[in-house]
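Colleague: Just model.cif, nothing more (mmCIF, C-alpha atoms):
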data_query
loop_
_atom_site.group_PDB
_atom_site.id
_atom_site.type_symbol
_atom_site.label_atom_id
_atom_site.label_comp_id
_atom_site.auth_asym_id
_atom_site.auth_seq_id
_atom_site.Cartn_x
_atom_site.Cartn_y
_atom_site.Cartn_z
ATOM 1 C CA MET A 872 -19.179 -20.587 -1.165
ATOM 2 C CA PRO A 873 -17.462 -19.734 -4.460
ATOM 3 C CA SER A 874 -14.905 -22.138 -5.911
ATOM 4 C CA LEU A 875 -11.197 -21.526 -5.361
ATOM 5 C CA ASP A 876 -10.837 -20.354 -8.973
ATOM 6 C CA ASP A 877 -13.665 -17.884 -8.430
ATOM 7 C CA GLN A 878 -12.004 -16.638 -5.257
ATOM 8 C CA VAL A 879 -8.732 -15.996 -7.063
ATOM 9 C CA THR A 880 -10.629 -14.243 -9.859
ATOM 10 C CA PHE A 881 -12.293 -11.955 -7.342
ATOM 11 C CA ALA A 882 -8.984 -11.192 -5.669
ATOM 12 C CA ARG A 883 -7.323 -10.429 -8.978
ATOM 13 C CA SER A 884 -10.222 -8.249 -10.126
ATOM 14 C CA THR A 885 -9.290 -5.745 -7.446
ATOM 15 C CA ARG A 886 -6.453 -4.685 -9.716
ATOM 16 C CA THR A 887 -8.731 -2.716 -12.019
ATOM 17 C CA SER A 888 -10.290 0.499 -10.802
ATOM 18 C CA ALA A 889 -13.662 -0.348 -12.298
ATOM 19 C CA THR A 890 -14.164 -3.414 -10.094
ATOM 20 C CA TYR A 891 -12.006 -2.577 -7.097
ATOM 21 C CA ALA A 892 -14.743 -1.390 -4.751
ATOM 22 C CA VAL A 893 -17.007 -4.365 -5.480
ATOM 23 C CA SER A 894 -14.128 -6.791 -5.052
ATOM 24 C CA LEU A 895 -13.207 -5.312 -1.693
ATOM 25 C CA LEU A 896 -16.712 -6.167 -0.483
ATOM 26 C CA VAL A 897 -16.458 -9.689 -1.877
ATOM 27 C CA ALA A 898 -13.014 -10.213 -0.356
ATOM 28 C CA ALA A 899 -14.145 -8.886 3.012
ATOM 29 C CA THR A 900 -17.210 -11.128 3.004
ATOM 30 C CA ALA A 901 -15.099 -14.087 1.948
ATOM 31 C CA ALA A 902 -12.641 -13.486 4.763
ATOM 32 C CA LEU A 903 -15.449 -13.520 7.303
ATOM 33 C CA THR A 904 -17.046 -16.683 5.912
ATOM 34 C CA GLY A 905 -13.864 -18.686 5.390
ATOM 35 C CA CYS A 906 -13.480 -18.027 1.677
ATOM 36 C CA GLY A 907 -10.241 -16.313 0.780
ATOM 37 C CA SER A 908 -8.134 -15.472 -2.226
ATOM 38 C CA SER A 909 -5.110 -17.746 -2.041
ATOM 39 C CA ASP A 910 -4.020 -19.998 -4.867
ATOM 40 C CA SER A 911 -3.460 -22.927 -2.533
ATOM 41 C CA GLY A 912 -3.368 -23.776 1.144
ATOM 42 C CA SER A 913 -5.948 -22.327 3.513
ATOM 43 C CA ASP A 914 -8.913 -20.624 1.881
ATOM 44 C CA ASP A 915 -9.119 -18.033 4.646
ATOM 45 C CA PRO A 916 -6.432 -15.322 4.446
ATOM 46 C CA LEU A 917 -7.070 -14.486 8.111
ATOM 47 C CA GLN A 918 -6.696 -18.052 9.358
ATOM 48 C CA ASP A 919 -3.817 -18.520 11.778
ATOM 49 C CA ASP A 920 -1.863 -21.197 9.924
ATOM 50 C CA ALA A 921 1.737 -21.274 8.755
ATOM 51 C CA ALA A 922 2.882 -21.965 5.199
ATOM 52 C CA ALA A 923 2.803 -25.697 4.506
ATOM 53 C CA GLY A 924 4.932 -27.997 2.398
ATOM 54 C CA GLY A 925 7.625 -25.460 1.599
ATOM 55 C CA THR A 926 5.149 -23.052 0.017
ATOM 56 C CA VAL A 927 6.010 -19.353 0.127
ATOM 57 C CA VAL A 928 2.810 -17.426 0.821
ATOM 58 C CA VAL A 929 2.819 -13.965 -0.742
ATOM 59 C CA GLY A 930 0.366 -11.526 0.818
ATOM 60 C CA SER A 931 -0.864 -8.036 0.043
ATOM 61 C CA ASN A 932 -2.749 -5.190 1.629
ATOM 62 C CA ASN A 933 -6.099 -4.046 0.291
ATOM 63 C CA PHE A 934 -5.135 -1.604 -2.447
ATOM 64 C CA PRO A 935 -4.138 -2.102 -6.092
ATOM 65 C CA GLU A 936 -0.437 -1.270 -5.871
ATOM 66 C CA SER A 937 0.123 -3.730 -3.037
ATOM 67 C CA ILE A 938 -1.561 -6.468 -5.057
ATOM 68 C CA LEU A 939 0.543 -5.601 -8.119
ATOM 69 C CA LEU A 940 3.752 -5.743 -6.055
ATOM 70 C CA ALA A 941 2.666 -9.058 -4.536
ATOM 71 C CA ASP A 942 2.285 -10.428 -8.058
ATOM 72 C CA ILE A 943 5.763 -9.194 -8.954
ATOM 73 C CA TYR A 944 7.233 -10.883 -5.885
ATOM 74 C CA GLY A 945 5.283 -14.097 -6.353
ATOM 75 C CA GLU A 946 6.020 -14.559 -10.054
ATOM 76 C CA ALA A 947 9.720 -13.826 -9.504
ATOM 77 C CA LEU A 948 9.832 -16.460 -6.763
ATOM 78 C CA LYS A 949 8.103 -18.953 -9.056
ATOM 79 C CA SER A 950 10.755 -18.337 -11.710
ATOM 80 C CA LYS A 951 13.316 -19.698 -9.222
ATOM 81 C CA GLY A 952 11.360 -22.919 -8.798
ATOM 82 C CA ILE A 953 9.833 -21.882 -5.481
ATOM 83 C CA LYS A 954 6.286 -23.035 -4.754
ATOM 84 C CA VAL A 955 4.078 -19.967 -4.250
ATOM 85 C CA SER A 956 0.533 -19.313 -3.103
ATOM 86 C CA TYR A 957 -1.207 -15.957 -2.708
ATOM 87 C CA LYS A 958 -3.276 -14.352 0.027
ATOM 88 C CA LEU A 959 -4.279 -11.094 -1.631
ATOM 89 C CA ASN A 960 -6.292 -8.032 -0.622
ATOM 90 C CA ILE A 961 -6.281 -9.039 3.046
ATOM 91 C CA GLY A 962 -6.644 -5.651 4.692
ATOM 92 C CA SER A 963 -4.549 -3.017 6.379
ATOM 93 C CA ARG A 964 -1.187 -3.326 8.150
ATOM 94 C CA GLU A 965 -3.034 -3.671 11.450
ATOM 95 C CA THR A 966 -4.110 -7.098 10.169
ATOM 96 C CA THR A 967 -1.288 -8.181 7.888
ATOM 97 C CA TYR A 968 1.571 -7.583 10.335
ATOM 98 C CA GLY A 969 0.082 -10.147 12.714
ATOM 99 C CA LEU A 970 -0.298 -12.642 9.886
ATOM 100 C CA ILE A 971 3.294 -12.360 8.742
ATOM 101 C CA LYS A 972 4.508 -12.449 12.355
ATOM 102 C CA ASN A 973 2.826 -15.794 12.933
ATOM 103 C CA GLY A 974 3.956 -17.258 9.594
ATOM 104 C CA THR A 975 0.571 -17.295 7.860
ATOM 105 C CA ILE A 976 2.196 -15.016 5.263
ATOM 106 C CA THR A 977 5.818 -15.508 4.220
ATOM 107 C CA VAL A 978 6.479 -12.297 2.338
ATOM 108 C CA MET A 979 4.675 -9.137 1.380
ATOM 109 C CA PRO A 980 5.464 -5.683 0.010
ATOM 110 C CA GLU A 981 5.884 -3.038 2.677
ATOM 111 C CA TYR A 982 6.633 0.679 2.817
ATOM 112 C CA ASN A 983 9.464 1.223 5.248
ATOM 113 C CA GLY A 984 8.403 4.562 6.745
ATOM 114 C CA ALA A 985 4.810 3.482 7.293
ATOM 115 C CA LEU A 986 5.943 0.197 8.814
ATOM 116 C CA LEU A 987 8.249 2.041 11.212
ATOM 117 C CA SER A 988 5.458 4.399 12.207
ATOM 118 C CA TYR A 989 3.278 1.357 12.956
ATOM 119 C CA LEU A 990 6.007 -0.223 15.069
ATOM 120 C CA ASN A 991 7.109 3.004 16.766
ATOM 121 C CA ALA A 992 4.956 6.087 16.323
ATOM 122 C CA ASP A 993 7.600 8.266 17.966
ATOM 123 C CA ALA A 994 10.398 7.389 15.548
ATOM 124 C CA VAL A 995 11.737 10.263 13.444
ATOM 125 C CA PRO A 996 14.089 8.738 10.849
ATOM 126 C CA THR A 997 16.508 10.964 8.975
ATOM 127 C CA SER A 998 17.362 8.683 6.039
ATOM 128 C CA VAL A 999 16.374 5.449 4.328
ATOM 129 C CA GLU A 1000 19.186 3.673 6.140
ATOM 130 C CA ASP A 1001 18.070 5.088 9.480
ATOM 131 C CA THR A 1002 14.497 4.051 8.738
ATOM 132 C CA ASN A 1003 15.423 0.447 8.025
ATOM 133 C CA LYS A 1004 17.807 0.259 10.986
ATOM 134 C CA SER A 1005 15.043 1.502 13.266
ATOM 135 C CA ILE A 1006 12.587 -1.022 11.815
ATOM 136 C CA THR A 1007 15.023 -3.876 12.406
ATOM 137 C CA ALA A 1008 15.329 -2.834 16.039
ATOM 138 C CA GLU A 1009 11.539 -3.011 16.441
ATOM 139 C CA LEU A 1010 10.720 -6.056 14.294
ATOM 140 C CA ASP A 1011 9.648 -9.363 15.727
ATOM 141 C CA SER A 1012 12.690 -11.649 15.771
ATOM 142 C CA LYS A 1013 11.038 -14.067 13.337
ATOM 143 C CA LEU A 1014 10.869 -11.379 10.640
ATOM 144 C CA THR A 1015 13.426 -9.742 8.400
ATOM 145 C CA LEU A 1016 13.360 -6.644 6.248
ATOM 146 C CA LEU A 1017 15.028 -7.157 2.872
ATOM 147 C CA GLU A 1018 16.705 -4.522 0.706
ATOM 148 C CA PRO A 1019 14.674 -1.331 0.054
ATOM 149 C CA SER A 1020 13.947 -0.262 -3.501
ATOM 150 C CA LYS A 1021 14.343 3.256 -4.829
ATOM 151 C CA ALA A 1022 10.607 3.260 -5.521
ATOM 152 C CA GLU A 1023 8.702 5.418 -3.072
ATOM 153 C CA ASP A 1024 4.955 5.707 -2.691
ATOM 154 C CA LYS A 1025 3.979 8.125 0.040
ATOM 155 C CA ASP A 1026 0.672 8.990 1.558
ATOM 156 C CA ALA A 1027 -0.176 12.545 0.600
ATOM 157 C CA VAL A 1028 -2.847 15.091 1.374
ATOM 158 C CA ALA A 1029 -4.511 15.924 -1.933
ATOM 159 C CA ILE A 1030 -7.259 18.442 -2.603
ATOM 160 C CA ASN A 1031 -9.547 18.647 -5.597
ATOM 161 C CA GLU A 1032 -9.352 21.342 -8.261
ATOM 162 C CA ALA A 1033 -12.323 23.313 -6.932
ATOM 163 C CA THR A 1034 -10.883 23.468 -3.415
ATOM 164 C CA ALA A 1035 -7.481 24.506 -4.738
ATOM 165 C CA LYS A 1036 -9.064 27.366 -6.681
ATOM 166 C CA LYS A 1037 -11.297 28.423 -3.789
ATOM 167 C CA TYR A 1038 -8.373 28.810 -1.400
ATOM 168 C CA SER A 1039 -5.684 29.765 -3.955
ATOM 169 C CA LEU A 1040 -3.624 26.631 -3.317
ATOM 170 C CA THR A 1041 -1.116 25.200 -5.782
ATOM 171 C CA SER A 1042 1.388 22.356 -5.987
ATOM 172 C CA GLU A 1043 3.806 24.708 -4.199
ATOM 173 C CA SER A 1044 1.444 24.998 -1.231
ATOM 174 C CA THR A 1045 2.022 22.934 1.885
ATOM 175 C CA ILE A 1046 -0.172 21.018 4.273
ATOM 176 C CA ALA A 1047 0.325 23.882 6.725
ATOM 177 C CA ASP A 1048 -1.583 26.153 4.324
ATOM 178 C CA LEU A 1049 -4.760 24.273 5.271
ATOM 179 C CA ALA A 1050 -4.527 25.337 8.916
ATOM 180 C CA ASP A 1051 -6.980 28.238 8.581
ATOM 181 C CA VAL A 1052 -9.470 26.406 6.361
ATOM 182 C CA ALA A 1053 -9.376 22.768 7.519
ATOM 183 C CA SER A 1054 -12.449 23.328 9.696
ATOM 184 C CA GLU A 1055 -14.421 23.917 6.483
ATOM 185 C CA LEU A 1056 -13.200 20.744 4.763
ATOM 186 C CA VAL A 1057 -14.173 17.081 4.855
ATOM 187 C CA ILE A 1058 -11.212 14.747 4.469
ATOM 188 C CA GLY A 1059 -11.486 11.135 3.349
ATOM 189 C CA GLY A 1060 -9.323 8.040 3.388
ATOM 190 C CA SER A 1061 -9.070 4.521 4.749
ATOM 191 C CA PRO A 1062 -10.608 3.925 8.194
ATOM 192 C CA GLU A 1063 -7.084 3.444 9.601
ATOM 193 C CA PHE A 1064 -6.050 6.931 8.462
ATOM 194 C CA GLN A 1065 -8.257 8.361 11.208
ATOM 195 C CA THR A 1066 -6.236 6.745 14.005
ATOM 196 C CA ARG A 1067 -2.680 6.687 12.628
ATOM 197 C CA GLN A 1068 0.140 9.072 13.398
ATOM 198 C CA GLN A 1069 0.753 9.135 9.649
ATOM 199 C CA GLY A 1070 -2.863 10.244 9.335
ATOM 200 C CA LEU A 1071 -5.237 12.535 11.192
ATOM 201 C CA LEU A 1072 -3.280 12.282 14.441
ATOM 202 C CA GLY A 1073 -0.100 13.542 12.807
ATOM 203 C CA LEU A 1074 -1.903 16.168 10.743
ATOM 204 C CA LYS A 1075 -3.201 17.603 14.020
ATOM 205 C CA SER A 1076 0.000 17.287 16.076
ATOM 206 C CA GLU A 1077 2.410 18.387 13.337
ATOM 207 C CA TYR A 1078 0.312 20.861 11.353
ATOM 208 C CA GLY A 1079 -2.506 21.823 13.714
ATOM 209 C CA LEU A 1080 -5.198 20.643 11.297
ATOM 210 C CA GLU A 1081 -8.687 19.910 12.591
ATOM 211 C CA PHE A 1082 -11.048 19.023 9.766
ATOM 212 C CA LYS A 1083 -14.796 19.525 9.682
ATOM 213 C CA SER A 1084 -15.215 15.753 9.530
ATOM 214 C CA PHE A 1085 -13.641 12.534 8.322
ATOM 215 C CA LYS A 1086 -15.243 10.164 5.817
ATOM 216 C CA ALA A 1087 -14.057 6.545 5.944
ATOM 217 C CA LEU A 1088 -13.618 5.259 2.397
ATOM 218 C CA ASP A 1089 -10.831 3.065 1.010
ATOM 219 C CA ALA A 1090 -7.030 3.110 0.964
ATOM 220 C CA GLY A 1091 -6.367 5.544 -1.872
ATOM 221 C CA GLY A 1092 -8.768 3.604 -4.071
ATOM 222 C CA PRO A 1093 -11.686 4.418 -6.366
ATOM 223 C CA LEU A 1094 -14.084 5.290 -3.548
ATOM 224 C CA THR A 1095 -11.742 7.985 -2.278
ATOM 225 C CA VAL A 1096 -10.944 9.236 -5.769
ATOM 226 C CA ALA A 1097 -14.630 9.406 -6.726
ATOM 227 C CA ALA A 1098 -15.544 11.237 -3.513
ATOM 228 C CA LEU A 1099 -12.775 13.794 -4.047
ATOM 229 C CA LYS A 1100 -13.643 14.243 -7.705
ATOM 230 C CA GLY A 1101 -17.329 14.707 -6.839
ATOM 231 C CA ASN A 1102 -16.511 17.144 -4.019
ATOM 232 C CA ASN A 1103 -18.163 14.899 -1.433
ATOM 233 C CA ILE A 1104 -14.837 15.358 0.295
ATOM 234 C CA GLN A 1105 -12.482 18.252 -0.334
ATOM 235 C CA ALA A 1106 -9.242 16.621 0.825
ATOM 236 C CA ALA A 1107 -8.046 13.038 0.767
ATOM 237 C CA ASP A 1108 -5.257 10.666 1.633
ATOM 238 C CA LEU A 1109 -3.952 9.494 -1.744
ATOM 239 C CA PHE A 1110 -0.766 7.725 -2.762
ATOM 240 C CA THR A 1111 1.832 9.694 -4.691
ATOM 241 C CA THR A 1112 2.205 7.026 -7.399
ATOM 242 C CA ASP A 1113 -1.527 7.142 -8.207
ATOM 243 C CA PRO A 1114 -2.090 8.099 -11.881
ATOM 244 C CA THR A 1115 -5.552 9.483 -11.044
ATOM 245 C CA ILE A 1116 -3.951 12.486 -9.313
ATOM 246 C CA ALA A 1117 -2.816 14.005 -12.599
ATOM 247 C CA ALA A 1118 -5.839 12.740 -14.525
ATOM 248 C CA ASN A 1119 -8.245 14.558 -12.189
ATOM 249 C CA LYS A 1120 -6.079 17.661 -11.635
ATOM 250 C CA PHE A 1121 -5.867 17.000 -7.916
ATOM 251 C CA VAL A 1122 -3.304 19.106 -6.057
ATOM 252 C CA VAL A 1123 -0.870 17.299 -3.762
ATOM 253 C CA LEU A 1124 0.269 19.513 -0.895
ATOM 254 C CA LYS A 1125 3.906 19.464 0.150
ATOM 255 C CA ASP A 1126 4.866 17.909 3.465
ATOM 256 C CA PRO A 1127 7.742 20.047 4.841
ATOM 257 C CA LYS A 1128 7.615 18.406 8.257
ATOM 258 C CA ASN A 1129 8.056 14.999 6.623
ATOM 259 C CA LEU A 1130 5.054 13.524 8.412
ATOM 260 C CA PHE A 1131 4.816 10.810 5.784
ATOM 261 C CA SER A 1132 8.539 10.118 6.025
ATOM 262 C CA PHE A 1133 10.521 7.804 3.741
ATOM 263 C CA GLN A 1134 8.300 5.271 1.991
ATOM 264 C CA ASN A 1135 10.499 2.905 0.011
ATOM 265 C CA VAL A 1136 8.888 -0.276 -1.274
ATOM 266 C CA THR A 1137 10.623 -3.014 0.716
ATOM 267 C CA PRO A 1138 9.916 -6.764 1.058
ATOM 268 C CA LEU A 1139 9.107 -7.955 4.578
ATOM 269 C CA ALA A 1140 9.614 -11.672 5.163
ATOM 270 C CA TYR A 1141 9.099 -14.451 7.671
ATOM 271 C CA LYS A 1142 12.694 -15.659 7.904
ATOM 272 C CA SER A 1143 12.389 -19.414 8.261
ATOM 273 C CA ASP A 1144 9.994 -19.926 5.339
ATOM 274 C CA LEU A 1145 11.835 -17.906 2.685
ATOM 275 C CA PRO A 1146 14.730 -19.794 1.069
ATOM 276 C CA ALA A 1147 18.002 -18.059 0.222
ATOM 277 C CA GLU A 1148 17.214 -17.962 -3.496
ATOM 278 C CA GLY A 1149 13.959 -16.203 -2.617
ATOM 279 C CA VAL A 1150 15.801 -13.553 -0.628
ATOM 280 C CA SER A 1151 18.173 -13.071 -3.563
ATOM 281 C CA VAL A 1152 15.498 -12.569 -6.224
ATOM 282 C CA LEU A 1153 13.448 -10.198 -4.050
ATOM 283 C CA ASN A 1154 16.551 -8.100 -3.453
ATOM 284 C CA GLU A 1155 17.147 -8.086 -7.229
ATOM 285 C CA ILE A 1156 13.626 -6.692 -7.698
ATOM 286 C CA SER A 1157 14.356 -3.916 -5.205
ATOM 287 C CA ALA A 1158 17.567 -3.060 -7.073
ATOM 288 C CA LYS A 1159 15.633 -2.524 -10.314
ATOM 289 C CA LEU A 1160 12.390 -0.941 -9.094
ATOM 290 C CA ASP A 1161 12.263 2.872 -8.959
ATOM 291 C CA THR A 1162 9.453 5.380 -8.536
ATOM 292 C CA GLU A 1163 9.120 6.182 -12.242
ATOM 293 C CA THR A 1164 8.786 2.489 -13.045
ATOM 294 C CA LEU A 1165 6.208 1.975 -10.308
ATOM 295 C CA ILE A 1166 4.113 4.907 -11.543
ATOM 296 C CA GLY A 1167 4.169 3.419 -15.036
ATOM 297 C CA LEU A 1168 3.129 -0.024 -13.809
ATOM 298 C CA ASN A 1169 0.328 1.488 -11.722
ATOM 299 C CA SER A 1170 -0.889 3.409 -14.760
ATOM 300 C CA GLU A 1171 -1.106 0.201 -16.792
ATOM 301 C CA VAL A 1172 -3.260 -1.361 -14.082
ATOM 302 C CA GLN A 1173 -5.391 1.558 -12.933
ATOM 303 C CA ALA A 1174 -5.656 3.681 -16.076
ATOM 304 C CA ASP A 1175 -5.365 1.056 -18.816
ATOM 305 C CA ASN A 1176 -7.264 -1.634 -16.858
ATOM 306 C CA LYS A 1177 -4.668 -4.321 -17.510
ATOM 307 C CA ASP A 1178 -4.497 -7.415 -15.333
ATOM 308 C CA PRO A 1179 -1.780 -6.785 -12.715
ATOM 309 C CA LEU A 1180 -0.575 -10.354 -13.065
ATOM 310 C CA ASP A 1181 0.125 -9.749 -16.751
ATOM 311 C CA VAL A 1182 1.742 -6.397 -15.958
ATOM 312 C CA ALA A 1183 3.930 -8.073 -13.336
ATOM 313 C CA LYS A 1184 5.041 -10.838 -15.689
ATOM 314 C CA THR A 1185 5.833 -8.406 -18.511
ATOM 315 C CA TRP A 1186 7.928 -6.163 -16.261
ATOM 316 C CA LEU A 1187 9.814 -9.084 -14.724
ATOM 317 C CA SER A 1188 10.662 -10.319 -18.209
ATOM 318 C CA SER A 1189 11.825 -6.875 -19.352
ATOM 319 C CA ALA A 1190 13.943 -6.556 -16.211
ATOM 320 C CA GLY A 1191 15.549 -9.961 -16.726
ATOM 321 C CA LEU A 1192 13.996 -11.360 -13.577
ATOM 322 C CA SER A 1193 11.927 -14.221 -14.944
#
In structure tokens, how does this file's structure come out?

Modeller:
Amino acid sequence: MPSLDDQVTFARSTRTSATYAVSLLVAATAALTGCGSSDSGSDDPLQDDAAAGGTVVVGSNNFPESILLADIYGEALKSKGIKVSYKLNIGSRETTYGLIKNGTITVMPEYNGALLSYLNADAVPTSVEDTNKSITAELDSKLTLLEPSKAEDKDAVAINEATAKKYSLTSESTIADLADVASELVIGGSPEFQTRQQGLLGLKSEYGLEFKSFKALDAGGPLTVAALKGNNIQAADLFTTDPTIAANKFVVLKDPKNLFSFQNVTPLAYKSDLPAEGVSVLNEISAKLDTETLIGLNSEVQADNKDPLDVAKTWLSSAGLS
């Protein structure tokens, strides 16, 4: 079993695109064998234990932006004298929601529209306020949703340059324009995308799309990007703040039916373990974080290969939050 320092190094290495795929394998293996990526407390991010000794446990899903946001939250909390540990790169919402509900995680970055879809697949919110109100109605009573940021990162159906040219599709085209050709295309994304309403289920019910096949890859990460770039898949679920979209001339199709809804970055917290000063500083982060800023921070991590922890600290300092 690797040392705790090694575990944290592996978790943090997922922030660079060059090592992300390898680190996912390491993190997954570690989770299964009892070796996790937290700075203190339980070594296993999937272990059912609550935060101990007043420690705020900051968690993240298994993609670079979530880890970056977790660093921003954690370092801001530390600046207020709050004891923090990390459980990074855990997995998808299907896993992390249970962990925050039972207090294993205290706080983690969420995307309000995706969280609502997970809690109530039939919800059709009409605004950010409506989204958060609907989430609050569905949330476990031990949890609270803090203030949403202006930063949005939506799932999006992207196609590669060759596919766009073949079918005369542009950035003005919509997902509906794939209806006649989807049967010729392989789409890729995280395994969960295949069974989510904000995924293949919704693409079929809302747009009538039935793809040739689905390839399970990662959550908008380097495996998906590489497969789309290499034309092993022709369409993919990518995140709209991903700098690789422009770099690879991928075409993001418009979503007129708003399948992917509102997706504001919003802290989700386990009420009893987050002190008032923690709530305050996380809400301050939301007040200062917008989409343009998030795209820039992602670019530093994914394009410039900077350590997300360093990127987080630098931004917090520039924003007057550390």

Colleague: Excluding Asn1154 (chain A) and any residue of its chain fewer than 5 positions from it, enumerate the residues within 12 Å of it, using all atoms listed in the file, and give them as a PyMOL selection string.

Modeller: chain A and resi 944+947-948+980+1016-1021+1136-1140+1147-1149+1159-1160+1192

Colleague: Of the candidates A:Lys1075, A:Lys1184, A:Lys1083, A:Lys1100, which one gets nearest to Ala1118 (chain A) if we count only C-alpha atoms?

Modeller: A:Lys1100

Colleague: A:Asp1144, A:Glu1081, A:Asp1175, A:Asp1108: which is nearest Val928 (chain A), counting only C-alpha atoms?

Modeller: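 That would be A:Asp1144, the residue with the smallest distance to Val928 (chain A).
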
Colleague: Under the PyMOL selection byres ((chain A and resi 984) around 6), which residues of this model are included? Write them out as a list in words.

Modeller: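 Taken over the shown coordinates, the PyMOL selection byres ((chain A and resi 984) around 6) returns Tyr982, Asn983, Ala985, Leu986, Leu987, Ser1132, Phe1133 and Gln1134 of chain A.
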
Colleague: Using only C-alpha atoms, find each residue in region 962-996 of chain A having at least one atom no more than 9 Å away from region 1050-1067 of chain A; report its shortest atom-to-atom pair and that distance in Å (one decimal), rows by chain then rising number, as CSV.

Modeller:
residue,atom,partner,partner_atom,distance
A:Ser963,CA,A:Glu1063,CA,7.7
A:Glu965,CA,A:Glu1063,CA,8.4
A:Ser988,CA,A:Arg1067,CA,8.5
A:Tyr989,CA,A:Arg1067,CA,8.0
A:Ala992,CA,A:Arg1067,CA,8.5

Colleague: For the PyMOL selection byres ((chain A and resi 959) around 6), applied here, can you spell out every residue it catches as a compact mmCIF listing (two decimals) with C-alpha atoms, in the coordinates of the input?

Modeller:
# COMPACT_ATOMS: atom_id res chain seq x y z
CA SER A 908 -8.13 -15.47 -2.23
CA GLY A 930 0.37 -11.53 0.82
CA SER A 931 -0.86 -8.04 0.04
CA TYR A 957 -1.21 -15.96 -2.71
CA LYS A 958 -3.28 -14.35 0.03
CA ASN A 960 -6.29 -8.03 -0.62
CA ILE A 961 -6.28 -9.04 3.05

Colleague: Given the PyMOL selection byres ((chain A and resi 1009) around 12) and the file above, list the residues it selects as a PyMOL selection string.

Modeller: chain A and resi 986-992+994+1002-1008+1010-1016

Colleague: Have a look at CA of Asp1113 (chain A) and CA of Lys1036 (chain A) and let me know their distance in Å, one decimal.

Modeller: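 Taking CA of Asp1113 (chain A) and CA of Lys1036 (chain A), their separation equals 21.6 Å.
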
Colleague: My list of candidates is A:Ala1158, A:Thr1034, A:Asn1135, A:Thr1112. Which is closest to Val999 (chain A) when distances are computed with only C-alpha atoms?

Modeller: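 So, comparing all the options, the nearest one is A:Asn1135.
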
Colleague: Report, in Å to a single decimal, how far apart CA of Ile953 (chain A) and CA of Val927 (chain A) are.

Modeller: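 These atoms are spaced 7.2 Å apart.
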
Colleague: Go through A:Thr1185, A:Ser1143, A:Ser1039, A:Asn1031 and flag the residue nearest Gly925 (chain A), using all atoms listed in the file for the distances.

Modeller: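 Residue with the minimum atom-to-atom distance to Gly925 (chain A): A:Ser1143.
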
Colleague: Let me make sure I understand: among A:Ala1027, A:Val1182, A:Leu939, A:Val929, which one has the smallest atom-to-atom distance to Gln1069 (chain A) if we use all atoms listed in the file?

Modeller: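 Among the listed residues, the smallest separation from Gln1069 (chain A) belongs to A:Ala1027.
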